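> Structure: start-v8.cif, mmCIF, C-alpha atoms and all ligand atoms.
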data_data
loop_
_atom_site.label_atom_id
_atom_site.label_comp_id
_atom_site.auth_asym_id
_atom_site.auth_seq_id
_atom_site.Cartn_x
_atom_site.Cartn_y
_atom_site.Cartn_z
CA MET Z 182 24.02 8.72 -20.24
CA ASP Z 183 22.96 10.31 -16.93
CA PRO Z 184 20.58 7.78 -15.32
CA MET Z 185 18.74 10.59 -13.51
CA LEU Z 186 18.06 12.69 -16.61
CA PRO Z 187 14.67 12.17 -18.27
CA GLU Z 188 14.59 12.29 -22.05
CA PRO Z 189 11.67 13.80 -23.96
CA TYR Z 190 9.27 11.22 -25.36
CA LEU Z 191 6.43 12.03 -27.72
CA ILE Z 192 3.01 10.54 -27.03
CA GLU Z 193 2.10 8.79 -30.28
CA GLY Z 194 -1.04 7.11 -29.05
CA VAL Z 195 -3.44 7.12 -26.10
CA ARG Z 196 -5.91 4.31 -25.55
CA GLN Z 197 -8.51 4.16 -22.79
CA GLU Z 198 -8.43 0.58 -21.48
CA THR Z 199 -11.02 0.86 -18.69
CA TYR Z 200 -12.72 3.72 -16.80
CA ASP Z 201 -9.53 4.41 -14.80
CA THR Z 202 -6.76 2.81 -16.86
CA PHE Z 203 -5.15 3.96 -20.09
CA THR Z 204 -2.24 3.02 -22.33
CA LEU Z 205 0.38 5.42 -23.70
CA GLU Z 206 2.49 4.68 -26.76
CA LEU Z 207 5.73 6.67 -26.69
CA ALA Z 208 8.58 7.35 -29.08
CA ALA Z 209 11.84 9.18 -28.39
CA LYS Z 210 11.60 12.80 -29.52
CA ASN Z 211 15.34 13.12 -30.17
CA GLY Z 212 17.96 10.53 -30.86
CA PRO Z 213 17.63 6.84 -31.61
CA ASN Z 214 14.24 5.30 -31.52
CA GLY Z 215 13.76 1.97 -29.84
CA ARG Z 216 15.28 1.15 -26.50
CA PRO Z 217 15.84 -2.52 -25.62
CA PHE Z 218 14.11 -3.72 -22.48
CA ALA Z 219 13.44 -7.05 -20.85
CA ALA Z 220 9.94 -8.21 -19.90
CA GLY Z 221 9.27 -7.06 -16.33
CA GLN Z 222 11.37 -3.88 -16.42
CA PHE Z 223 9.97 -0.42 -15.78
CA ASN Z 224 10.59 3.20 -16.76
CA MET Z 225 10.32 6.39 -14.72
CA LEU Z 226 7.73 8.60 -16.46
CA TYR Z 227 7.82 12.31 -15.69
CA VAL Z 228 4.89 14.68 -16.19
CA PHE Z 229 6.65 18.05 -16.41
CA GLY Z 230 5.98 20.23 -13.39
CA ILE Z 231 4.00 17.50 -11.59
CA GLY Z 232 6.23 14.54 -10.81
CA GLU Z 233 7.76 11.24 -11.79
CA VAL Z 234 6.45 7.69 -11.21
CA PRO Z 235 7.65 4.15 -11.96
CA ILE Z 236 5.55 2.41 -14.61
CA SER Z 237 6.22 -1.06 -16.03
CA ILE Z 238 6.62 -1.51 -19.74
CA SER Z 239 3.57 -3.35 -21.05
CA GLY Z 240 4.44 -3.72 -24.74
CA ASP Z 241 6.18 -6.41 -26.76
CA PRO Z 242 9.99 -6.48 -26.21
CA ALA Z 243 10.40 -7.66 -29.82
CA ARG Z 244 8.29 -4.86 -31.32
CA GLN Z 245 9.21 -1.36 -30.36
CA PRO Z 246 9.01 1.56 -30.85
CA PRO Z 247 6.58 2.53 -29.59
CA LEU Z 248 7.31 1.98 -25.92
CA VAL Z 249 4.02 0.97 -24.34
CA HIS Z 250 2.90 1.68 -20.76
CA THR Z 251 -0.49 0.94 -19.18
CA ILE Z 252 -1.34 3.20 -16.27
CA ARG Z 253 -4.06 3.31 -13.63
CA ALA Z 254 -4.94 6.85 -12.58
CA VAL Z 255 -4.76 6.71 -8.77
CA GLY Z 256 -3.12 9.95 -7.59
CA THR Z 257 -1.36 13.21 -8.39
CA VAL Z 258 0.99 12.13 -11.18
CA THR Z 259 -1.04 9.38 -12.79
CA LYS Z 260 -4.16 11.58 -12.89
CA ALA Z 261 -2.14 14.36 -14.55
CA MET Z 262 -0.77 11.77 -17.00
CA ARG Z 263 -4.31 10.79 -17.92
CA GLN Z 264 -4.89 14.35 -19.18
CA LEU Z 265 -1.99 14.13 -21.67
CA GLN Z 266 -2.87 13.80 -25.32
CA ARG Z 267 -1.33 12.57 -28.53
CA GLY Z 268 1.43 14.95 -29.67
CA GLN Z 269 2.37 16.05 -26.14
CA VAL Z 270 5.69 15.21 -24.53
CA LEU Z 271 6.65 13.59 -21.24
CA GLY Z 272 10.02 12.72 -19.70
CA LEU Z 273 11.26 9.15 -19.58
CA ARG Z 274 14.28 7.46 -18.07
CA GLY Z 275 14.98 3.75 -17.91
CA PRO Z 276 14.55 0.88 -18.37
CA TYR Z 277 15.32 -0.23 -14.83
CA GLY Z 278 15.02 -3.33 -12.72
CA SER Z 279 15.02 -7.08 -13.03
CA ALA Z 280 13.13 -9.20 -15.55
CA TRP Z 281 10.77 -12.15 -15.65
CA PRO Z 282 12.74 -15.41 -16.09
CA VAL Z 283 11.25 -16.15 -19.49
CA VAL Z 284 14.34 -17.79 -20.95
CA GLN Z 285 15.18 -19.71 -17.74
CA ALA Z 286 11.63 -21.11 -17.80
CA GLU Z 287 12.20 -22.87 -21.13
CA GLY Z 288 11.41 -26.59 -20.96
CA ASN Z 289 8.91 -26.07 -18.11
CA ASP Z 290 5.21 -25.53 -17.74
CA VAL Z 291 4.49 -21.86 -17.10
CA VAL Z 292 1.64 -20.48 -15.00
CA VAL Z 293 1.05 -16.73 -15.28
CA VAL Z 294 -1.20 -15.30 -12.57
CA ALA Z 295 -2.32 -11.66 -12.82
CA GLY Z 296 -4.59 -9.53 -10.68
CA GLY Z 297 -6.06 -6.24 -11.97
CA ILE Z 298 -3.44 -3.88 -13.40
CA GLY Z 299 -0.91 -6.69 -12.74
CA LEU Z 300 -1.56 -8.00 -16.24
CA ALA Z 301 0.29 -4.95 -17.64
CA PRO Z 302 3.78 -5.83 -16.28
CA LEU Z 303 3.17 -9.47 -17.26
CA ARG Z 304 2.06 -8.82 -20.84
CA PRO Z 305 5.62 -8.51 -22.25
CA ALA Z 306 6.39 -11.94 -20.75
CA VAL Z 307 3.23 -13.39 -22.31
CA TYR Z 308 4.27 -12.00 -25.72
CA GLN Z 309 7.67 -13.64 -25.34
CA LEU Z 310 6.25 -16.97 -24.20
CA LEU Z 311 3.82 -17.07 -27.11
CA ALA Z 312 6.48 -16.03 -29.63
CA ASN Z 313 8.58 -19.02 -28.50
CA ARG Z 314 5.68 -21.32 -27.77
CA GLU Z 315 7.47 -24.54 -28.78
CA LYS Z 316 10.08 -24.07 -26.04
CA TYR Z 317 7.59 -24.52 -23.18
CA GLY Z 318 5.27 -27.19 -21.83
CA HIS Z 319 1.74 -26.23 -20.83
CA ILE Z 320 1.16 -22.46 -20.59
CA ALA Z 321 -1.71 -21.16 -18.46
CA ILE Z 322 -2.73 -17.55 -17.92
CA LEU Z 323 -5.01 -16.92 -14.95
CA TYR Z 324 -6.43 -13.41 -14.72
CA GLY Z 325 -8.70 -11.93 -12.08
CA THR Z 326 -10.16 -8.46 -11.58
CA ARG Z 327 -12.69 -6.97 -9.19
CA THR Z 328 -15.47 -6.61 -11.78
CA PRO Z 329 -15.85 -7.10 -15.56
CA ARG Z 330 -15.35 -3.32 -15.95
CA ASP Z 331 -11.77 -3.72 -14.68
CA LEU Z 332 -10.66 -6.27 -17.28
CA LEU Z 333 -7.65 -5.09 -19.27
CA TYR Z 334 -6.77 -6.00 -22.87
CA GLU Z 335 -10.06 -7.81 -23.50
CA LYS Z 336 -9.44 -8.15 -27.24
CA GLU Z 337 -6.05 -9.75 -26.64
CA LEU Z 338 -7.38 -12.05 -23.94
CA HIS Z 339 -9.92 -13.19 -26.48
CA GLU Z 340 -7.22 -13.79 -29.10
CA TRP Z 341 -5.02 -15.72 -26.67
CA ARG Z 342 -8.01 -17.77 -25.67
CA GLY Z 343 -8.62 -18.58 -29.33
CA ARG Z 344 -5.22 -20.28 -29.59
CA PHE Z 345 -5.17 -24.01 -28.89
CA ASP Z 346 -1.75 -23.94 -27.27
CA VAL Z 347 -2.40 -21.69 -24.28
CA GLN Z 348 -4.98 -21.96 -21.52
CA VAL Z 349 -6.57 -18.64 -20.56
CA GLU Z 350 -8.88 -18.48 -17.54
CA VAL Z 351 -10.54 -15.25 -16.46
CA THR Z 352 -12.48 -14.50 -13.29
CA VAL Z 353 -14.02 -11.51 -11.51
CA ASP Z 354 -14.66 -11.06 -7.80
CA SER Z 355 -18.24 -9.95 -8.41
CA ALA Z 356 -20.47 -9.33 -11.42
CA ALA Z 357 -24.02 -8.55 -12.51
CA THR Z 358 -26.19 -11.31 -13.96
CA ASP Z 359 -25.11 -10.56 -17.55
CA TRP Z 360 -21.57 -11.86 -16.83
CA ARG Z 361 -21.28 -15.39 -18.16
CA GLY Z 362 -17.78 -16.09 -16.93
CA HIS Z 363 -16.27 -17.38 -13.71
CA VAL Z 364 -16.86 -15.53 -10.43
CA GLY Z 365 -14.42 -15.82 -7.53
CA VAL Z 366 -10.91 -14.75 -6.59
CA VAL Z 367 -8.12 -15.75 -8.95
CA THR Z 368 -7.05 -18.76 -6.86
CA THR Z 369 -10.46 -20.38 -7.49
CA LEU Z 370 -9.26 -20.91 -11.07
CA PHE Z 371 -6.52 -23.35 -10.03
CA PRO Z 372 -8.70 -26.49 -10.18
CA LYS Z 373 -9.22 -25.77 -13.91
CA VAL Z 374 -5.50 -25.72 -14.66
CA ARG Z 375 -3.22 -28.65 -15.19
CA PHE Z 376 0.52 -28.31 -14.74
CA ASP Z 377 3.38 -30.45 -13.51
CA PRO Z 378 4.41 -28.79 -10.20
CA PRO Z 379 8.08 -29.89 -10.02
CA ASN Z 380 8.54 -28.59 -13.57
CA THR Z 381 6.55 -25.39 -13.33
CA VAL Z 382 7.64 -21.77 -13.27
CA ALA Z 383 5.03 -19.31 -11.98
CA LEU Z 384 4.96 -15.58 -12.72
CA ILE Z 385 2.69 -13.51 -10.46
CA CYS Z 386 1.75 -9.84 -10.38
CA GLY Z 387 -1.10 -8.22 -8.51
CA PRO Z 388 -2.09 -6.85 -5.11
CA GLU Z 389 0.02 -8.33 -2.30
CA ILE Z 390 -2.88 -10.19 -0.75
CA MET Z 391 -3.61 -11.87 -4.08
CA MET Z 392 0.06 -12.80 -4.51
CA ARG Z 393 0.18 -14.25 -0.99
CA PHE Z 394 -2.78 -16.60 -1.61
CA THR Z 395 -1.49 -17.51 -5.07
CA ILE Z 396 1.89 -18.48 -3.63
CA GLN Z 397 0.15 -20.60 -0.98
CA GLU Z 398 -1.87 -22.36 -3.67
CA LEU Z 399 1.20 -23.03 -5.83
CA GLN Z 400 3.24 -24.31 -2.90
CA GLN Z 401 0.43 -26.61 -1.74
CA ARG Z 402 0.52 -28.09 -5.24
CA GLY Z 403 4.28 -28.61 -5.01
CA VAL Z 404 5.77 -25.69 -6.97
CA GLU Z 405 9.16 -24.80 -5.44
CA ALA Z 406 9.65 -21.35 -3.89
CA GLY Z 407 12.61 -20.78 -6.21
CA ASN Z 408 10.36 -21.27 -9.25
CA ILE Z 409 7.78 -18.73 -8.11
CA TYR Z 410 8.46 -15.17 -9.29
CA LEU Z 411 6.56 -12.06 -8.25
CA THR Z 412 6.85 -8.29 -8.64
CA MET Z 413 6.94 -5.98 -5.66
CA GLU Z 414 5.82 -2.33 -5.64
CA ARG Z 415 6.94 0.38 -3.27
CA ASN Z 416 7.23 4.15 -3.59
CA MET Z 417 10.49 5.02 -5.28
CA LYS Z 418 12.31 8.19 -6.25
CA CYS Z 419 15.70 7.62 -7.87
CA ALA Z 420 15.11 4.11 -9.36
CA VAL Z 421 18.86 3.42 -9.37
CA GLY Z 422 19.51 2.29 -5.80
CA PHE Z 423 20.71 5.59 -4.24
CA CYS Z 424 17.84 7.09 -2.30
CA GLY Z 425 16.63 4.08 -0.33
CA HIS Z 426 12.92 4.92 -0.67
CA CYS Z 427 12.10 1.47 -2.01
CA GLN Z 428 14.19 -0.52 0.42
CA PHE Z 429 12.59 -3.91 1.00
CA GLY Z 430 14.40 -5.87 3.69
CA PRO Z 431 18.03 -6.05 2.57
CA THR Z 432 17.08 -5.33 -1.07
CA PHE Z 433 16.07 -2.33 -3.15
CA ILE Z 434 13.01 -2.91 -5.28
CA CYS Z 435 14.30 -0.60 -8.02
CA LYS Z 436 17.54 -2.44 -8.71
CA ASP Z 437 17.22 -5.92 -7.12
CA GLY Z 438 13.55 -6.14 -8.22
CA PRO Z 439 10.85 -5.46 -9.06
CA VAL Z 440 10.80 -9.14 -10.12
CA PHE Z 441 12.01 -11.43 -7.33
CA ALA Z 442 12.15 -15.19 -6.91
CA TYR Z 443 9.96 -15.93 -3.91
CA ASP Z 444 12.68 -17.87 -2.04
CA ARG Z 445 14.79 -14.68 -2.03
CA ILE Z 446 12.19 -12.47 -0.30
CA LYS Z 447 10.11 -15.07 1.53
CA SER Z 448 11.33 -14.14 5.03
CA PHE Z 449 10.17 -10.52 4.79
CA PHE Z 450 7.38 -10.76 2.19
CA GLU Z 451 4.76 -11.31 4.89
CA LYS Z 452 5.85 -8.35 7.01
CA ARG Z 453 3.56 -5.42 6.20
CA GLU Z 454 5.99 -2.56 6.89
CA VAL Z 455 9.28 -3.88 5.48
C1 LIG B 1 8.29 -1.06 -10.24
C2 LIG B 1 6.91 -0.48 -10.31
C3 LIG B 1 6.15 -0.67 -11.45
C4 LIG B 1 4.86 -0.13 -11.54
N1 LIG B 1 4.15 -0.32 -12.68
C5 LIG B 1 2.93 0.23 -12.80
C6 LIG B 1 2.19 0.08 -14.01
O1 LIG B 1 2.60 -0.58 -14.97
N2 LIG B 1 0.99 0.70 -14.09
C7 LIG B 1 0.47 1.42 -13.04
O2 LIG B 1 -0.63 1.96 -13.17
N3 LIG B 1 1.14 1.57 -11.89
C8 LIG B 1 2.36 1.01 -11.75
N4 LIG B 1 3.07 1.18 -10.59
C9 LIG B 1 2.44 1.97 -9.51
C10 LIG B 1 2.61 3.46 -9.79
O3 LIG B 1 3.98 3.80 -9.73
C11 LIG B 1 1.82 4.26 -8.73
O4 LIG B 1 0.46 4.04 -8.94
C12 LIG B 1 2.14 5.73 -8.86
O5 LIG B 1 3.44 5.97 -8.37
C13 LIG B 1 1.15 6.57 -8.05
O6 LIG B 1 1.58 7.92 -8.15
P1 LIG B 1 0.55 9.12 -8.08
O7 LIG B 1 1.34 10.38 -7.93
O8 LIG B 1 -0.41 9.06 -9.23
O9 LIG B 1 -0.28 8.79 -6.78
P2 LIG B 1 0.00 9.37 -5.30
O10 LIG B 1 -0.44 10.79 -5.29
O11 LIG B 1 1.36 9.01 -4.88
O12 LIG B 1 -1.05 8.50 -4.48
C14 LIG B 1 -2.35 8.96 -4.32
C15 LIG B 1 -3.19 7.93 -3.64
O13 LIG B 1 -3.25 6.73 -4.42
C16 LIG B 1 -2.83 5.64 -3.62
N5 LIG B 1 -2.04 4.81 -4.46
C17 LIG B 1 -0.76 5.01 -4.84
N6 LIG B 1 -0.34 4.00 -5.61
C18 LIG B 1 -1.40 3.16 -5.73
C19 LIG B 1 -1.61 1.93 -6.42
N7 LIG B 1 -0.64 1.35 -7.13
N8 LIG B 1 -2.84 1.34 -6.32
C20 LIG B 1 -3.84 1.90 -5.60
N9 LIG B 1 -3.69 3.05 -4.92
C21 LIG B 1 -2.50 3.65 -4.99
C22 LIG B 1 -2.01 6.20 -2.50
O14 LIG B 1 -2.05 5.35 -1.37
C23 LIG B 1 -2.68 7.52 -2.28
O15 LIG B 1 -3.80 7.36 -1.44
C24 LIG B 1 4.34 0.62 -10.46
C25 LIG B 1 5.10 0.81 -9.30
C26 LIG B 1 6.37 0.25 -9.22
C27 LIG B 1 7.17 0.44 -7.98
#
Output the structure of this file as structure tokens.

Amino acid sequence: MDPMLPEPYLIEGVRQETYDTFTLELAAKNGPNGRPFAAGQFNMLYVFGIGEVPISISGDPARQPPLVHTIRAVGTVTKAMRQLQRGQVLGLRGPYGSAWPVVQAEGNDVVVVAGGIGLAPLRPAVYQLLANREKYGHIAILYGTRTPRDLLYEKELHEWRGRFDVQVEVTVDSAATDWRGHVGVVTTLFPKVRFDPPNTVALICGPEIMMRFTIQELQQRGVEAGNIYLTMERNMKCAVGFCGHCQFGPTFICKDGPVFAYDRIKSFFEKREV
């Protein structure tokens, strides 16, 4: 299969998640349905005549089709994508990139830390963790957004919270007086969470500033750099390591990432323009 050739995918469902974020459910128009992917991987989605963008897969790796993607409308392509409706077709190639270390984390406590749209790339890992719950120690999910209006997957967060075997903590940076939950950046949730630092694997996805402070918090508590995983985002074109658009230090985000162990990228993570 030509890795640069998008295949037609039918939009089977569109769901508005928040005022600027929506979820598309896709199924292959021709050929075999269902395409294995690992939690953390992404596809290149192509709006015909407009352009192509990398979008993480946000559905359950054990339950597809449909292939699920959650997208925030920020610019040319994603805003055009928001106009697409059920029954229309877009181009898709992938999956690409590295995965969350869900299997390697077995036997450990797991702390999942998401900021904003960052919960979308982490959701497949959460599904996998919960489907194999007995293989892990304590599981905590910490989720922060700017305001209550930005919270993704509220119904699911509620369901996860209703389980007795996973700790779910949600916070917003600011809220009106009708918000009864926690207020503060996501790191202010750490005092609520118990985990055993030497035996903890952390999965982080969100804005870089949020990831930086989360890493600091985890390291202060004794979690090793090699057990902290994060996803990096940069503009990309080919997604297969040819064009160099997403070069990040000596790595390419498209093929060496987007999920990296922190000890691998530590030396250039802090440099703004790498
Ligand atoms: C591996 C990978 C996985 C990704 N997964 C997802 C995902 O699951 N869901 C998702 O919504 N996005 C995801 N993104 C980001 C997504 O690819 C970009 O938002 C998209 O490429 C923007 O394209 P555009 O043409 O709509 O915007 P452009 O026209 O390129 O940008 C327009 C404006 O928006 C700003 N902008 C661009 N990207 C962002 C951003 N991410 N946040 C805020 N402002 C931005 C630009 O600075 C510019 O000012 C991922 C990116 C990578 C590299």
> Interatomic distance between atom CA of Z:Met417 and atom CA of Z:Ala280?
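Going from atom CA of Z:Met417 over to atom CA of Z:Ala280, I get 17.7 Å.
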> Which chains and residue numbers are within 7 Å of ligand LIG 1 (chain B), counting all atoms listed in the file, if I want them as a PyMOL selection string?
chain Z and resi 223+234-239+250-260+298+301-302+413-417+435+439
> Given the choices Z:Phe371, Z:Tyr277, Z:Tyr443, Z:Phe433, which gets closest to Z:Ala406 if the distance is worked out from all atoms listed in the file?
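Once distances to Z:Ala406 are computed over all atoms listed in the file, the minimum belongs to Z:Tyr443.
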> Rounded to one decimal place, report the atom CA of Z:Arg402-atom CA of Z:Val366 distance in Å.
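Distance between the two atoms: 17.6 Å.
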> Nearest residue to Z:Asp201 out of Z:Trp281, Z:Pro246, Z:Met262, Z:Asp241, using all atoms listed in the file?
Z:Met262
> Tell me which of Z:Arg304, Z:Arg445, Z:His319, Z:Arg330 sits closest to Z:Val347, counting only C-alpha atoms.
Z:His319
> Taking only C-alpha atoms into account, which of Z:Phe449, Z:Glu389, Z:Leu300, Z:Leu310 comes nearest Z:Leu338?
Z:Leu300
> How many Å separate atom CA of Z:Ile322 from atom CA of Z:Gln197?
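Taking atom CA of Z:Ile322 as the start and atom CA of Z:Gln197 as the end point, the length is 23.0 Å.
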> From the list Z:Leu411, Z:Ala243, Z:Leu191, Z:Leu226, which residue is nearest Z:Val292 when using only C-alpha atoms?
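Checking each candidate against Z:Val292, we get Z:Leu411 as the closest.
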> Using all atoms listed in the file - which residues lie no farther than 10 Å from the point (6.4, -12.3, -11.9) in the file's frame? Write them as an mmCIF file with C-alpha atoms, in the frame of the given file.

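Result went into selection-v8.cif, see below:
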data_model
loop_
_atom_site.group_PDB
_atom_site.id
_atom_site.type_symbol
_atom_site.label_atom_id
_atom_site.label_comp_id
_atom_site.auth_asym_id
_atom_site.auth_seq_id
_atom_site.Cartn_x
_atom_site.Cartn_y
_atom_site.Cartn_z
ATOM 1 C CA ALA Z 220 9.940 -8.210 -19.900
ATOM 2 C CA GLY Z 221 9.270 -7.060 -16.330
ATOM 3 C CA ALA Z 280 13.130 -9.200 -15.550
ATOM 4 C CA TRP Z 281 10.770 -12.150 -15.650
ATOM 5 C CA PRO Z 282 12.740 -15.410 -16.090
ATOM 6 C CA VAL Z 283 11.250 -16.150 -19.490
ATOM 7 C CA VAL Z 292 1.640 -20.480 -15.000
ATOM 8 C CA VAL Z 293 1.050 -16.730 -15.280
ATOM 9 C CA VAL Z 294 -1.200 -15.300 -12.570
ATOM 10 C CA ALA Z 295 -2.320 -11.660 -12.820
ATOM 11 C CA GLY Z 299 -0.910 -6.690 -12.740
ATOM 12 C CA PRO Z 302 3.780 -5.830 -16.280
ATOM 13 C CA LEU Z 303 3.170 -9.470 -17.260
ATOM 14 C CA ALA Z 306 6.390 -11.940 -20.750
ATOM 15 C CA VAL Z 382 7.640 -21.770 -13.270
ATOM 16 C CA ALA Z 383 5.030 -19.310 -11.980
ATOM 17 C CA LEU Z 384 4.960 -15.580 -12.720
ATOM 18 C CA ILE Z 385 2.690 -13.510 -10.460
ATOM 19 C CA CYS Z 386 1.750 -9.840 -10.380
ATOM 20 C CA GLY Z 387 -1.100 -8.220 -8.510
ATOM 21 C CA MET Z 392 0.060 -12.800 -4.510
ATOM 22 C CA ILE Z 409 7.780 -18.730 -8.110
ATOM 23 C CA TYR Z 410 8.460 -15.170 -9.290
ATOM 24 C CA LEU Z 411 6.560 -12.060 -8.250
ATOM 25 C CA THR Z 412 6.850 -8.290 -8.640
ATOM 26 C CA MET Z 413 6.940 -5.980 -5.660
ATOM 27 C CA PRO Z 439 10.850 -5.460 -9.060
ATOM 28 C CA VAL Z 440 10.800 -9.140 -10.120
ATOM 29 C CA PHE Z 441 12.010 -11.430 -7.330
ATOM 30 C CA ALA Z 442 12.150 -15.190 -6.910
ATOM 31 C CA TYR Z 443 9.960 -15.930 -3.910
#
> Select, counting all atoms listed in the file, all protein, DNA and RNA residues no farther than 12 Å from (-10.0, -25.6, -10.0) in file coordinates, and express the selection as number ranges by chain.
Z: 323, 350, 352, 363, 365-376, 398, 402
> Convert the current residue selection to file output with C-alpha atoms, as a tab-separated table (two decimals), in the coordinates of the input.

chain	number	residue	atom	x	y	z
Z	323	LEU	CA	-5.01	-16.92	-14.95
Z	350	GLU	CA	-8.88	-18.48	-17.54
Z	352	THR	CA	-12.48	-14.50	-13.29
Z	363	HIS	CA	-16.27	-17.38	-13.71
Z	365	GLY	CA	-14.42	-15.82	-7.53
Z	366	VAL	CA	-10.91	-14.75	-6.59
Z	367	VAL	CA	-8.12	-15.75	-8.95
Z	368	THR	CA	-7.05	-18.76	-6.86
Z	369	THR	CA	-10.46	-20.38	-7.49
Z	370	LEU	CA	-9.26	-20.91	-11.07
Z	371	PHE	CA	-6.52	-23.35	-10.03
Z	372	PRO	CA	-8.70	-26.49	-10.18
Z	373	LYS	CA	-9.22	-25.77	-13.91
Z	374	VAL	CA	-5.50	-25.72	-14.66
Z	375	ARG	CA	-3.22	-28.65	-15.19
Z	376	PHE	CA	0.52	-28.31	-14.74
Z	398	GLU	CA	-1.87	-22.36	-3.67
Z	402	ARG	CA	0.52	-28.09	-5.24
> For Z:Gln245, find every residue with an atom within 9 Å (counting all atoms listed in the file), except residues of its own chain fewer than 6 positions away, and show them as a PyMOL selection string.
chain Z and resi 208+214-217
> Determine, counting all atoms listed in the file, which protein, DNA and RNA residues have an atom within 12 Å of an atom of Z:Gly362; residues of the same chain fewer than 6 positions away are not included. Present the result as a VMD selection string.
chain Z and resid 324 to 325 328 to 329 350 to 356 370
> Calculated over only C-alpha atoms, which of the candidates Z:Pro213, Z:Gly268, Z:Gln222, Z:Glu340 has the smallest distance to Z:Asp437?
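Closest candidate: Z:Gln222.
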> For Z:Gly194, please output as an NGL selection string all residues within 12 Å (counting all atoms listed in the file; exclusion window: fewer than 4 positions along the same chain).
:Z and (190 or 203-208 or 246-251 or 265-270)
> Would you kindly return, as a count of residues only, each protein, DNA or RNA residue with an atom no farther than 12 Å from any atom of Z:Lys452, considering all atoms listed in the file and excluding same-chain residues fewer than 5 positions away?
7
